[in-house]
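Taking it in order: structure first as structure tokens, then the write-up.
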Amino acid sequence: MAKTPSQDLRTSVQLTHPERIYWPGDGVSKQDLVDYYALAWPRMAPFVVDRPLALLRCPDGIKGPRFFQKHAWKGINPHIEEIVDPEDRDGEKLLRIKDFDGLVALAQSAALEIHPWGTTTAHWEKPDMIIMDLDPGDDVTWSAVITAAKEIKERFQALGLASFVKTSGGKGLHVVAPLKPKAAWPEVKAAAEAIAHGMSGDNPEKYLSVAAKAKRGGHIFIDYLRNGRGNTAVAPYSTRARPGAAISMPLAWDELTDRTGPSSFIVKNAASRLSEHSADPWADFFEAAEPLKS
């Protein structure tokens, strides 16, 4: 019998009911999710390990009840660690994983979306990335979203920062700048806010920097609010709990074309992209980090 990808990585987590379907319209099971994450793990690990996590759990799959969870639940797998927030030592503990066992435990727990903080527990108060989330109105073209992403790239360059792009797994894109963890949360959020307000101020007919649903039509919301302490964004390579089993997939900038849509990458077509012979467009993400200029 041929090995499944998850057998190539040793895990002590036992899947129960691996045949359980999490994405019923797409036939994607719990085992399919673990096999996908086994392929993604070498690239995904630095973006989820040792980071406080918020999880979107769907125990009965995407058509059943769902809840966003950042604290432990009854019977939580021990490979999902509970950690104390140094700013809230008496509060409920937060969650993190340390290894592939932890990721498998998340899949076993029906955590179909993984949303980390933009920092690790090694430097809680100093983010190591800025995340700009482009959320287009329903009538906005994909090419307009691409144009917005490239403008953010230019604005990051003006700050001396590299930038990387990924699909959100929804309708939009995330543009992410790696940081040396020197600046505190308020400074990083202020820098993100300045970019968002700058874009909406320069092109108010295209961009919004406030989350006004009534005004969303025809506009792209430049969401900078992912950058506050305790706020999260979906992880690179995380699945999304939506029909299609789409992935938030890192891209090279030259892949960002009309041929690559916001949900082009799904669990069932990810294998070739994640093979050991394929290029990793985010391979030098952390090596490209620079400090945020004050």
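Going through the structure tokens in order, the chains are called A, B, and so on, while each chain numbers its residues from 1 and the ligands are numbered from 1 in the order shown.
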
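Proximity to segment 261-276 of chain A at 8 Å, evaluated using only C-alpha atoms and with sequence-adjacent residues fewer than 6 positions away removed, yields A:Val28, A:Asp32, A:Leu33, A:Tyr36, A:Leu39, A:Ala40, A:Trp142, A:Thr167, A:Ser168, A:Gly169, A:Gly170, A:Lys171, A:Gly172, A:Leu173, A:Thr239, A:Gly244, A:Ala245, A:Ala246, A:Ile247, A:Ser248, A:Met249.
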
Could you save the residues just selected, with all heavy atoms, as a tab-separated table (two decimals), in the first residue's frame?
chain	number	residue	atom	x	y	z
A	28	VAL	N	-13.89	16.57	0.92
A	28	VAL	CA	-12.60	16.67	1.61
A	28	VAL	C	-12.79	16.20	3.06
A	28	VAL	O	-13.58	16.78	3.82
A	28	VAL	CB	-12.05	18.10	1.58
A	28	VAL	CG1	-10.76	18.21	2.39
A	28	VAL	CG2	-11.80	18.53	0.14
A	32	ASP	N	-7.88	13.82	4.44
A	32	ASP	CA	-7.40	14.67	3.34
A	32	ASP	C	-6.75	15.94	3.90
A	32	ASP	O	-5.72	16.40	3.38
A	32	ASP	CB	-8.55	15.08	2.42
A	32	ASP	CG	-9.14	13.92	1.65
A	32	ASP	OD1	-8.40	12.95	1.35
A	32	ASP	OD2	-10.35	13.98	1.34
A	33	LEU	N	-7.36	16.52	4.95
A	33	LEU	CA	-6.80	17.72	5.55
A	33	LEU	C	-5.43	17.44	6.15
A	33	LEU	O	-4.48	18.22	5.94
A	33	LEU	CB	-7.76	18.25	6.62
A	33	LEU	CG	-7.30	19.50	7.38
A	33	LEU	CD1	-7.08	20.68	6.45
A	33	LEU	CD2	-8.33	19.86	8.47
A	36	TYR	N	-2.88	16.99	3.39
A	36	TYR	CA	-2.49	18.29	2.84
A	36	TYR	C	-1.52	19.00	3.78
A	36	TYR	O	-0.48	19.52	3.33
A	36	TYR	CB	-3.73	19.16	2.60
A	36	TYR	CG	-3.36	20.62	2.53
A	36	TYR	CD1	-2.61	21.11	1.45
A	36	TYR	CD2	-3.66	21.51	3.57
A	36	TYR	CE1	-2.20	22.44	1.42
A	36	TYR	CE2	-3.26	22.82	3.53
A	36	TYR	CZ	-2.53	23.28	2.46
A	36	TYR	OH	-2.10	24.58	2.43
A	39	LEU	N	2.05	17.94	3.59
A	39	LEU	CA	2.78	18.54	2.48
A	39	LEU	C	3.16	19.99	2.77
A	39	LEU	O	4.26	20.44	2.44
A	39	LEU	CB	1.92	18.50	1.21
A	39	LEU	CG	1.64	17.14	0.59
A	39	LEU	CD1	0.58	17.27	-0.50
A	39	LEU	CD2	2.92	16.52	0.02
A	40	ALA	N	2.24	20.71	3.40
A	40	ALA	CA	2.46	22.13	3.65
A	40	ALA	C	3.40	22.40	4.82
A	40	ALA	O	4.01	23.47	4.89
A	40	ALA	CB	1.12	22.81	3.91
A	142	TRP	N	-11.07	41.44	-9.95
A	142	TRP	CA	-9.83	40.85	-9.43
A	142	TRP	C	-8.62	41.69	-9.83
A	142	TRP	O	-7.68	41.88	-9.05
A	142	TRP	CB	-9.70	39.42	-9.94
A	142	TRP	CG	-8.47	38.69	-9.52
A	142	TRP	CD1	-7.53	38.12	-10.33
A	142	TRP	CD2	-8.04	38.41	-8.17
A	142	TRP	NE1	-6.55	37.51	-9.60
A	142	TRP	CE2	-6.83	37.67	-8.26
A	142	TRP	CE3	-8.54	38.73	-6.92
A	142	TRP	CZ2	-6.13	37.24	-7.13
A	142	TRP	CZ3	-7.84	38.29	-5.79
A	142	TRP	CH2	-6.66	37.57	-5.90
A	167	THR	N	-2.98	34.64	-1.39
A	167	THR	CA	-4.43	34.68	-1.48
A	167	THR	C	-4.98	34.59	-0.06
A	167	THR	O	-4.36	34.02	0.83
A	167	THR	CB	-4.98	33.52	-2.31
A	167	THR	OG1	-4.65	32.28	-1.68
A	167	THR	CG2	-4.42	33.54	-3.72
A	168	SER	N	-6.17	35.14	0.14
A	168	SER	CA	-6.79	35.03	1.45
A	168	SER	C	-7.56	33.72	1.59
A	168	SER	O	-7.90	33.31	2.70
A	168	SER	CB	-7.74	36.21	1.68
A	168	SER	OG	-8.86	36.11	0.81
A	169	GLY	N	-7.81	33.06	0.47
A	169	GLY	CA	-8.70	31.91	0.48
A	169	GLY	C	-10.16	32.33	0.42
A	169	GLY	O	-11.05	31.49	0.36
A	170	GLY	N	-10.38	33.65	0.43
A	170	GLY	CA	-11.72	34.20	0.28
A	170	GLY	C	-11.77	34.99	-1.02
A	170	GLY	O	-11.43	34.49	-2.08
A	171	LYS	N	-12.10	36.29	-0.92
A	171	LYS	CA	-12.23	37.12	-2.12
A	171	LYS	C	-11.00	37.95	-2.40
A	171	LYS	O	-10.87	38.51	-3.49
A	171	LYS	CB	-13.42	38.07	-1.95
A	171	LYS	CG	-14.77	37.39	-1.82
A	171	LYS	CD	-15.89	38.41	-1.76
A	171	LYS	CE	-15.75	39.34	-0.56
A	171	LYS	NZ	-16.82	40.36	-0.49
A	172	GLY	N	-10.09	38.07	-1.43
A	172	GLY	CA	-9.05	39.08	-1.56
A	172	GLY	C	-7.63	38.56	-1.48
A	172	GLY	O	-7.35	37.38	-1.75
A	173	LEU	N	-6.76	39.46	-1.11
A	173	LEU	CA	-5.33	39.18	-0.98
A	173	LEU	C	-4.82	39.73	0.35
A	173	LEU	O	-5.37	40.69	0.89
A	173	LEU	CB	-4.55	39.85	-2.12
A	173	LEU	CG	-4.72	39.27	-3.52
A	173	LEU	CD1	-4.14	40.23	-4.56
A	173	LEU	CD2	-4.05	37.90	-3.64
A	239	THR	N	-6.27	26.27	5.58
A	239	THR	CA	-7.51	26.12	4.83
A	239	THR	C	-8.52	27.15	5.31
A	239	THR	O	-8.34	27.80	6.35
A	239	THR	CB	-8.10	24.71	5.04
A	239	THR	OG1	-8.21	24.45	6.45
A	239	THR	CG2	-7.21	23.66	4.39
A	244	GLY	N	-15.45	24.79	-1.27
A	244	GLY	CA	-14.28	24.76	-2.15
A	244	GLY	C	-13.02	24.30	-1.46
A	244	GLY	O	-12.07	23.89	-2.12
A	245	ALA	N	-12.97	24.38	-0.13
A	245	ALA	CA	-11.77	24.00	0.63
A	245	ALA	C	-10.54	24.76	0.13
A	245	ALA	O	-9.48	24.20	-0.12
A	245	ALA	CB	-11.52	22.49	0.56
A	246	ALA	N	-10.73	26.10	-0.01
A	246	ALA	CA	-9.65	26.94	-0.49
A	246	ALA	C	-8.57	27.11	0.58
A	246	ALA	O	-8.81	26.93	1.78
A	246	ALA	CB	-10.17	28.30	-0.93
A	247	ILE	N	-7.38	27.50	0.11
A	247	ILE	CA	-6.21	27.68	0.95
A	247	ILE	C	-5.74	29.12	0.83
A	247	ILE	O	-5.81	29.72	-0.25
A	247	ILE	CB	-5.08	26.73	0.48
A	247	ILE	CG1	-5.49	25.27	0.69
A	247	ILE	CG2	-3.76	27.04	1.18
A	247	ILE	CD1	-4.68	24.31	-0.16
A	248	SER	N	-5.25	29.67	1.92
A	248	SER	CA	-4.57	30.97	1.87
A	248	SER	C	-3.14	30.70	1.40
A	248	SER	O	-2.27	30.36	2.19
A	248	SER	CB	-4.59	31.63	3.25
A	248	SER	OG	-3.97	32.90	3.20
A	249	MET	N	-2.93	30.84	0.10
A	249	MET	CA	-1.71	30.34	-0.54
A	249	MET	C	-0.71	31.44	-0.86
A	249	MET	O	-1.03	32.40	-1.57
A	249	MET	CB	-2.08	29.61	-1.83
A	249	MET	CG	-0.89	29.01	-2.55
A	249	MET	SD	-0.07	27.69	-1.62
A	249	MET	CE	-1.18	26.32	-1.96

message: At a cut-off of 7 Å, using only C-alpha atoms, what residues contact Gly217 of chain A? Leave out same-chain residues fewer than 3 positions from it and give the result as a ChimeraX atom specification.
response: /A:137-139

Those residues you just picked out, can you put them in a file as a PDB file, in the first residue's frame with all heavy atoms?
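Saved to out.pdb:
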ATOM      1  N   GLY A 137     -15.311  44.687  -2.296  1.00  0.00           N
ATOM      2  CA  GLY A 137     -16.752  44.563  -2.445  1.00  0.00           C
ATOM      3  C   GLY A 137     -17.065  43.554  -3.542  1.00  0.00           C
ATOM      4  O   GLY A 137     -16.219  43.219  -4.382  1.00  0.00           O
ATOM      5  N   ASP A 138     -18.298  43.076  -3.539  1.00  0.00           N
ATOM      6  CA  ASP A 138     -18.676  42.011  -4.476  1.00  0.00           C
ATOM      7  C   ASP A 138     -18.540  42.415  -5.931  1.00  0.00           C
ATOM      8  O   ASP A 138     -18.371  41.553  -6.806  1.00  0.00           O
ATOM      9  CB  ASP A 138     -20.119  41.571  -4.210  1.00  0.00           C
ATOM     10  CG  ASP A 138     -20.269  40.850  -2.875  1.00  0.00           C
ATOM     11  OD1 ASP A 138     -19.254  40.304  -2.388  1.00  0.00           O
ATOM     12  OD2 ASP A 138     -21.389  40.841  -2.328  1.00  0.00           O
ATOM     13  N   ASP A 139     -18.617  43.714  -6.213  1.00  0.00           N
ATOM     14  CA  ASP A 139     -18.577  44.163  -7.600  1.00  0.00           C
ATOM     15  C   ASP A 139     -17.195  44.662  -8.021  1.00  0.00           C
ATOM     16  O   ASP A 139     -17.052  45.284  -9.088  1.00  0.00           O
ATOM     17  CB  ASP A 139     -19.610  45.271  -7.820  1.00  0.00           C
ATOM     18  CG  ASP A 139     -19.472  46.415  -6.822  1.00  0.00           C
ATOM     19  OD1 ASP A 139     -18.709  46.265  -5.843  1.00  0.00           O
ATOM     20  OD2 ASP A 139     -20.132  47.456  -7.014  1.00  0.00           O
TER      21      ASP A 139
END

query: Excluding same-chain residues fewer than 4 positions from Asn227 of chain A, what lies within 8 Å of it counting only C-alpha atoms, as a list in words?
result: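 What passes the distance filter is Gly118, Ile130, Ile131, Trp185, Val188, Lys189, Ala192, Asn231 and Thr232 of chain A.
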
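Put simply, atom CA of Ala105 of chain A is 13.2 Å away from atom CA of His17 of chain A.
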
message: Excluding Leu134 of chain A and its own-chain neighbours fewer than 6 positions away, which residues fall within 12 Å of it when counting only C-alpha atoms? Please give them as a PyMOL selection string.
response: chain A and resi 140+142+144-152+165-176+196+199+206-209+211+216+219-226+233+262

task: Rank nothing, just name the residue among A:Phe164, A:Trp282, A:Trp253, A:Tyr22 nearest to Ala111 of chain A, using only C-alpha atoms.
output: A:Tyr22

- prompt: Can you list every residue in segment 44-249 of chain A that DSSP puts in strand (DSSP E), as an MDAnalysis selection string?
  reply: chainID A and resid 53:57 67:69 80:83 94:97 111:116 129:136 164:167 173:178 207:208 220:223

task: Just give me the gap between atom CA of Arg240 of chain A and atom CA of Ile80 of chain A in Å, one decimal is fine.
output: 19.7 Å

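Minimum distance to Ile114 of chain A across A:Pro178, A:Pro243, A:Pro236, A:Pro42 (counting only C-alpha atoms) occurs at A:Pro236.
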
- request: Please indicate the distance in Å from atom CA of Thr11 of chain A to atom CA of Gly25 of chain A, rounded to one decimal place.
  value: 28.6 Å

statement: The residue from A:Pro291, A:Pro116, A:Pro186, A:Pro78 with the smallest atom-to-atom distance to Asp50 of chain A, counting only C-alpha atoms, is A:Pro116

field: All residues 10 Å or closer to Trp124 of chain A, only C-alpha atoms, same chain fewer than 2 positions away omitted, as a list in words
entry: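 The neighbour list is Arg51, Pro52, Asp85, Pro86, Glu87, Trp117, Gly118, Thr119, Thr120, Thr121, Ala122, Lys126, Pro127, Asp128, Pro181, Ala184, Trp185, Arg229 and Gly230 of chain A.
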
Per-residue DSSP, segment 91-259 of chain A, filtered to helix (DSSP H, G or I), as number ranges by chain: A: 100-108, 142-158, 185-202, 213-215, 225-227, 253-255

message: Using only C-alpha atoms, which protein or nucleic acid residues come within 8 Å of segment 61-67 of chain A? Drop anything in the same chain fewer than 6 positions from it, and give the result as a PyMOL selection string.
response: chain A and resi 21-24+110+241-243

task: Counting only C-alpha atoms, figure out which residue out of A:Leu251, A:Ser109, A:Ser238, A:Asp133 gets nearest to Thr16 of chain A.
output: A:Ser109
